[in-house]
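Peer 1: Provided below: start_31.cif, containing mmCIF, C-alpha atoms.
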```
data_data
#
loop_
_atom_site.group_PDB
_atom_site.id
_atom_site.type_symbol
_atom_site.label_atom_id
_atom_site.label_comp_id
_atom_site.auth_asym_id
_atom_site.auth_seq_id
_atom_site.Cartn_x
_atom_site.Cartn_y
_atom_site.Cartn_z
ATOM 1 C CA MET A 328 80.213 161.790 206.140
ATOM 2 C CA GLY A 329 82.589 162.076 203.186
ATOM 3 C CA THR A 330 86.113 160.688 203.286
ATOM 4 C CA LEU A 331 87.731 164.127 202.962
ATOM 5 C CA ARG A 332 85.617 165.593 205.756
ATOM 6 C CA PHE A 333 86.406 162.600 207.995
ATOM 7 C CA PHE A 334 90.145 163.018 207.267
ATOM 8 C CA ARG A 335 90.037 166.740 208.122
ATOM 9 C CA LEU A 336 88.130 166.069 211.349
ATOM 10 C CA THR A 337 90.490 163.315 212.533
ATOM 11 C CA THR A 338 93.521 165.434 211.599
ATOM 12 C CA ALA A 339 92.175 168.394 213.588
ATOM 13 C CA MET A 340 91.478 166.132 216.567
ATOM 14 C CA ALA A 341 94.977 164.646 216.415
ATOM 15 C CA ILE A 342 96.518 168.130 216.322
ATOM 16 C CA GLY A 343 94.369 169.208 219.251
ATOM 17 C CA ILE A 344 95.291 166.190 221.347
ATOM 18 C CA ALA A 345 98.989 166.586 220.521
ATOM 19 C CA CYS A 346 98.862 170.247 221.537
ATOM 20 C CA LEU A 347 97.058 169.477 224.774
ATOM 21 C CA LEU A 348 99.685 166.882 225.660
ATOM 22 C CA SER A 349 102.623 169.119 224.757
ATOM 23 C CA GLY A 350 101.178 172.332 226.207
ATOM 24 C CA CYS A 351 101.354 174.396 223.019
ATOM 25 C CA ALA A 352 98.831 177.076 222.185
ATOM 26 C CA VAL A 353 96.901 176.763 218.925
ATOM 27 C CA THR A 354 94.682 179.416 217.446
ATOM 28 C CA SER A 355 92.231 179.072 214.612
ATOM 29 C CA GLY A 356 93.372 180.704 211.392
ATOM 30 C CA PRO A 357 91.612 181.445 208.114
ATOM 31 C CA GLU A 358 89.313 178.761 206.706
ATOM 32 C CA GLY A 359 89.140 177.123 210.155
ATOM 33 C CA GLN A 360 92.609 175.575 209.818
ATOM 34 C CA ALA A 361 94.860 175.303 212.849
ATOM 35 C CA ALA A 362 97.605 177.931 212.895
ATOM 36 C CA ARG A 363 100.763 178.162 215.001
ATOM 37 C CA SER A 364 100.813 180.398 218.017
ATOM 38 C CA SER A 365 103.443 183.130 217.920
ATOM 39 C CA ALA A 366 104.899 181.585 221.091
ATOM 40 C CA LEU A 367 106.180 178.611 219.092
ATOM 41 C CA PRO A 368 109.519 178.856 217.277
ATOM 42 C CA SER A 369 109.431 179.608 213.581
ATOM 43 C CA PRO A 370 110.487 176.767 211.295
ATOM 44 C CA THR A 371 113.117 179.137 209.882
ATOM 45 C CA ALA A 372 114.440 180.171 213.302
ATOM 46 C CA PRO A 373 118.170 179.542 213.800
ATOM 47 C CA LYS A 374 119.044 176.218 215.374
ATOM 48 C CA PRO A 375 120.319 176.190 218.962
ATOM 49 C CA SER A 376 124.070 176.546 219.366
ATOM 50 C CA SER A 377 124.404 172.869 220.315
ATOM 51 C CA ALA A 378 123.518 172.004 216.696
ATOM 52 C CA ALA A 379 126.161 174.373 215.317
ATOM 53 C CA LYS A 380 128.959 172.950 213.194
ATOM 54 C CA PRO A 381 132.338 172.669 214.897
ATOM 55 C CA VAL A 382 134.711 175.496 214.017
ATOM 56 C CA PRO A 383 137.855 174.329 212.200
ATOM 57 C CA ASP A 384 140.767 174.268 214.658
ATOM 58 C CA ARG A 385 143.889 175.768 213.097
ATOM 59 C CA SER A 386 145.586 176.387 216.468
ATOM 60 C CA GLY A 387 147.903 173.388 216.222
ATOM 61 C CA ALA A 388 146.932 172.330 219.746
ATOM 62 C CA ARG A 389 147.255 168.653 220.623
ATOM 63 C CA GLN A 390 144.149 166.662 221.460
ATOM 64 C CA VAL A 391 143.876 163.623 223.697
ATOM 65 C CA GLY A 392 140.918 161.282 223.453
ATOM 66 C CA LYS A 393 139.790 158.030 221.919
ATOM 67 C CA ALA A 394 140.380 156.842 218.374
ATOM 68 C CA SER A 395 138.210 154.374 216.535
ATOM 69 C CA PHE A 396 138.474 153.085 212.986
ATOM 70 C CA TYR A 397 136.252 152.894 209.941
ATOM 71 C CA ALA A 398 134.097 149.814 209.583
ATOM 72 C CA ASP A 399 134.587 147.738 206.441
ATOM 73 C CA LYS A 400 131.253 148.970 205.063
ATOM 74 C CA PHE A 401 132.753 152.454 204.514
ATOM 75 C CA ALA A 402 135.398 151.215 202.059
ATOM 76 C CA GLY A 403 134.879 152.958 198.721
ATOM 77 C CA ARG A 404 132.354 155.481 200.032
ATOM 78 C CA LYS A 405 132.909 159.175 199.433
ATOM 79 C CA MET A 406 134.492 161.127 202.244
ATOM 80 C CA ALA A 407 133.924 164.816 203.033
ATOM 81 C CA ASP A 408 136.754 165.904 200.713
ATOM 82 C CA GLY A 409 135.180 164.001 197.789
ATOM 83 C CA THR A 410 137.692 161.150 197.594
ATOM 84 C CA ARG A 411 136.785 157.520 198.190
ATOM 85 C CA MET A 412 137.723 155.874 201.489
ATOM 86 C CA ASP A 413 140.618 153.487 200.945
ATOM 87 C CA PRO A 414 141.040 151.141 203.927
ATOM 88 C CA ASN A 415 144.735 150.696 203.020
ATOM 89 C CA ASP A 416 145.514 154.435 202.984
ATOM 90 C CA ASP A 417 146.434 156.846 205.778
ATOM 91 C CA ASN A 418 143.084 158.698 205.776
ATOM 92 C CA ALA A 419 141.280 159.779 208.913
ATOM 93 C CA ALA A 420 138.264 161.759 210.097
ATOM 94 C CA SER A 421 138.189 164.659 212.558
ATOM 95 C CA LYS A 422 135.371 166.940 213.667
ATOM 96 C CA THR A 423 137.632 169.956 214.120
ATOM 97 C CA LEU A 424 140.857 169.635 212.119
ATOM 98 C CA PRO A 425 140.499 171.179 208.647
ATOM 99 C CA LEU A 426 140.232 168.797 205.706
ATOM 100 C CA GLY A 427 143.651 168.232 204.188
ATOM 101 C CA SER A 428 145.487 168.545 207.513
ATOM 102 C CA ALA A 429 148.298 166.148 208.345
ATOM 103 C CA ALA A 430 148.407 164.906 211.929
ATOM 104 C CA ARG A 431 150.509 162.502 213.991
ATOM 105 C CA VAL A 432 148.337 160.076 215.952
ATOM 106 C CA THR A 433 150.063 158.296 218.849
ATOM 107 C CA ASN A 434 148.600 155.336 220.729
ATOM 108 C CA LEU A 435 149.165 156.283 224.375
ATOM 109 C CA ASP A 436 149.061 152.636 225.505
ATOM 110 C CA ASN A 437 151.982 151.403 223.382
ATOM 111 C CA GLY A 438 153.720 154.558 222.052
ATOM 112 C CA ARG A 439 153.236 153.643 218.370
ATOM 113 C CA SER A 440 152.416 156.518 216.017
ATOM 114 C CA VAL A 441 151.302 157.128 212.447
ATOM 115 C CA VAL A 442 150.899 160.222 210.276
ATOM 116 C CA VAL A 443 147.397 160.561 208.770
ATOM 117 C CA THR A 444 145.637 162.961 206.414
ATOM 118 C CA ILE A 445 142.279 164.344 207.535
ATOM 119 C CA GLN A 446 139.889 163.672 204.656
ATOM 120 C CA ASP A 447 136.550 163.175 206.398
ATOM 121 C CA ARG A 448 134.327 164.429 209.212
ATOM 122 C CA GLY A 449 133.565 162.454 212.351
ATOM 123 C CA PRO A 450 133.637 160.510 214.559
ATOM 124 C CA TYR A 451 130.142 161.156 215.837
ATOM 125 C CA VAL A 452 130.499 159.290 219.119
ATOM 126 C CA LYS A 453 131.060 161.253 222.326
ATOM 127 C CA GLY A 454 134.645 161.125 223.582
ATOM 128 C CA ARG A 455 136.162 160.071 220.254
ATOM 129 C CA ILE A 456 138.398 162.567 218.498
ATOM 130 C CA VAL A 457 139.532 160.697 215.386
ATOM 131 C CA ASP A 458 138.393 157.867 213.104
ATOM 132 C CA LEU A 459 141.255 156.026 211.431
ATOM 133 C CA SER A 460 141.520 153.894 208.316
ATOM 134 C CA PRO A 461 141.928 150.201 209.166
ATOM 135 C CA ALA A 462 145.563 150.346 207.936
ATOM 136 C CA SER A 463 146.382 153.260 210.266
ATOM 137 C CA ALA A 464 144.645 151.514 213.166
ATOM 138 C CA ARG A 465 146.742 148.368 212.554
ATOM 139 C CA GLU A 466 149.945 150.449 212.574
ATOM 140 C CA LEU A 467 148.905 151.835 215.951
ATOM 141 C CA GLY A 468 148.166 148.370 217.288
ATOM 142 C CA ILE A 469 144.411 148.882 217.586
ATOM 143 C CA SER A 470 142.726 145.530 217.040
ATOM 144 C CA ARG A 471 139.132 144.890 216.047
ATOM 145 C CA ALA A 472 138.655 143.305 219.471
ATOM 146 C CA ASP A 473 139.754 146.558 221.153
ATOM 147 C CA GLY A 474 137.795 148.788 218.779
ATOM 148 C CA VAL A 475 139.104 152.005 220.347
ATOM 149 C CA ALA A 476 142.332 153.243 221.908
ATOM 150 C CA ARG A 477 143.424 156.289 223.886
ATOM 151 C CA VAL A 478 145.439 158.522 221.547
ATOM 152 C CA GLU A 479 147.113 161.883 221.176
ATOM 153 C CA VAL A 480 146.531 163.813 217.945
ATOM 154 C CA VAL A 481 149.130 166.461 217.060
ATOM 155 C CA PRO A 482 148.476 168.532 213.906
ATOM 156 C CA LEU A 483 151.581 168.734 211.703
ATOM 157 C CA SER A 484 150.190 170.974 208.961
ATOM 158 C CA THR A 485 146.870 172.609 208.167
ATOM 159 C CA PRO A 486 145.836 174.052 204.805
ATOM 160 C CA THR A 487 144.848 177.672 204.432
ATOM 161 C CA ALA A 488 141.175 178.539 204.872
ATOM 162 C CA GLY A 489 138.908 177.134 202.179
ATOM 163 C CA PRO A 490 135.790 178.749 200.734
ATOM 164 C CA GLY A 491 133.366 179.743 203.455
ATOM 165 C CA GLU A 492 135.958 179.316 206.243
ATOM 166 C CA ALA A 493 137.624 182.113 208.123
ATOM 167 C CA ALA A 494 141.368 181.741 208.565
ATOM 168 C CA ARG A 495 142.580 181.782 212.144
#
```
Let me see the structure of the file written as structure tokens.
Peer 2:
Amino acid sequence: MGTLRFFRLTTAMAIGIACLLSGCAVTSGPEGQAARSSALPSPTAPKPSSAAKPVPDRSGARQVGKASFYADKFAGRKMADGTRMDPNDDNAASKTLPLGSAARVTNLDNGRSVVVTIQDRGPYVKGRIVDLSPASARELGISRADGVARVEVVPLSTPTAGPGEAAR
């Protein structure tokens, strides 16, 4: 048996076993190759709504949640707005506030607050609403030992809609 024929046979067997285990239907297409059943989603089908990007929030509504801060490894890396992350600046990341927004972040445990500029996207941890530069976190009294703090984020200004965004 030739190497190519052996490869095709083992590939077909692996596909068959995977389909049996997952319950998908496979039909034989032209040239004896396995083809997708029409019951399976198309690779170009839209992603489920849970994978949708967050809509920019221009409502000015306050948010309460947890704040974390950038790890040292992010210093100098590009942020979503194209600038480099400066750990000594007032930059921050938000999933929903438009880039370029100014927001007051208040530590609800000690009442300290700082004004930050939203320049990046994130945080990508459930329950966290803002990632802060290390300098902003220090001003709020968030230590490395704490890692996170309960905060209130109040937007102070939001830029007009950018390209591809609908103004609200």
Peer 1: Closest to Leu435 (chain A) among A:Gly449, A:Gly392, A:Gly409, A:Gly454, using all atoms listed in the file?
Peer 2: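 Closest residue, counting all atoms listed in the file: A:Gly392.
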Peer 1: One decimal, Å: what's the distance from CA of Glu479 (chain A) over to CA of Asp416 (chain A), could you say?
Peer 2: 19.7 Å
Peer 1: What's the 8 Å shell around region 463-471 of chain A, counting all atoms listed in the file, without same-chain residues fewer than 4 positions away, as a ChimeraX atom specification?
Peer 2: /A:395-396,415-418,433-434,437,439-441,443,459,475-476
Peer 1: Which residues are close to Ser421 (chain A), i.e. within 6 Å by all atoms listed in the file, leaving aside same-chain residues fewer than 2 positions away? Reply as a list in words.
Peer 2: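 That gives Thr423, Leu424, Arg448, Gly449 and Val457 of chain A.
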Peer 1: Could you check the closest approach to Lys400 (chain A) for each of A:Pro461, A:Thr338, A:Thr330, A:Leu426 and tell me which residue wins, using only C-alpha atoms?
Peer 2: A:Pro461
Peer 1: Take CA of Arg455 (chain A) and CA of Ala429 (chain A) and report the distance between them in Å, one decimal.
Peer 2: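 Distance reported for this atom pair: 18.1 Å.
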Peer 1: In file coordinates, which residues lie within 12 Å of (150.6, 177.5, 215.0) using only C-alpha atoms, given as number ranges by chain?
Peer 2: A: 384-389, 481-486, 495
Peer 1: Find the residues around Gly403 (chain A) up to 8 Å (all atoms listed in the file counted), leave out those fewer than 6 positions away in its own chain, and share them as number ranges by chain.
Peer 2: A: 411-413
Peer 1: So how far away is CA of Ala407 (chain A) from CA of Asp436 (chain A), in Å?
Peer 2: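 Between these atoms lies a distance of 29.7 Å.
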Peer 1: As AutoDock Vina command-line options, what would the box around region 469-481 of chain A look like: edges along x, y and z, 5 Å added on every side, centre and edge lengths in Å to one decimal?
Peer 2:
```
--center_x 143.5 --center_y 154.9 --center_z 220.0 --size_x 21.3 --size_y 33.2 --size_z 17.8
```
Peer 1: Could you tell me which of A:Ile342, A:Ala420, A:Gly438, A:Lys393 comes closest to Gly474 (chain A) if we count all atoms listed in the file?
Peer 2: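 Among the listed residues, the smallest separation from Gly474 (chain A) belongs to A:Lys393.
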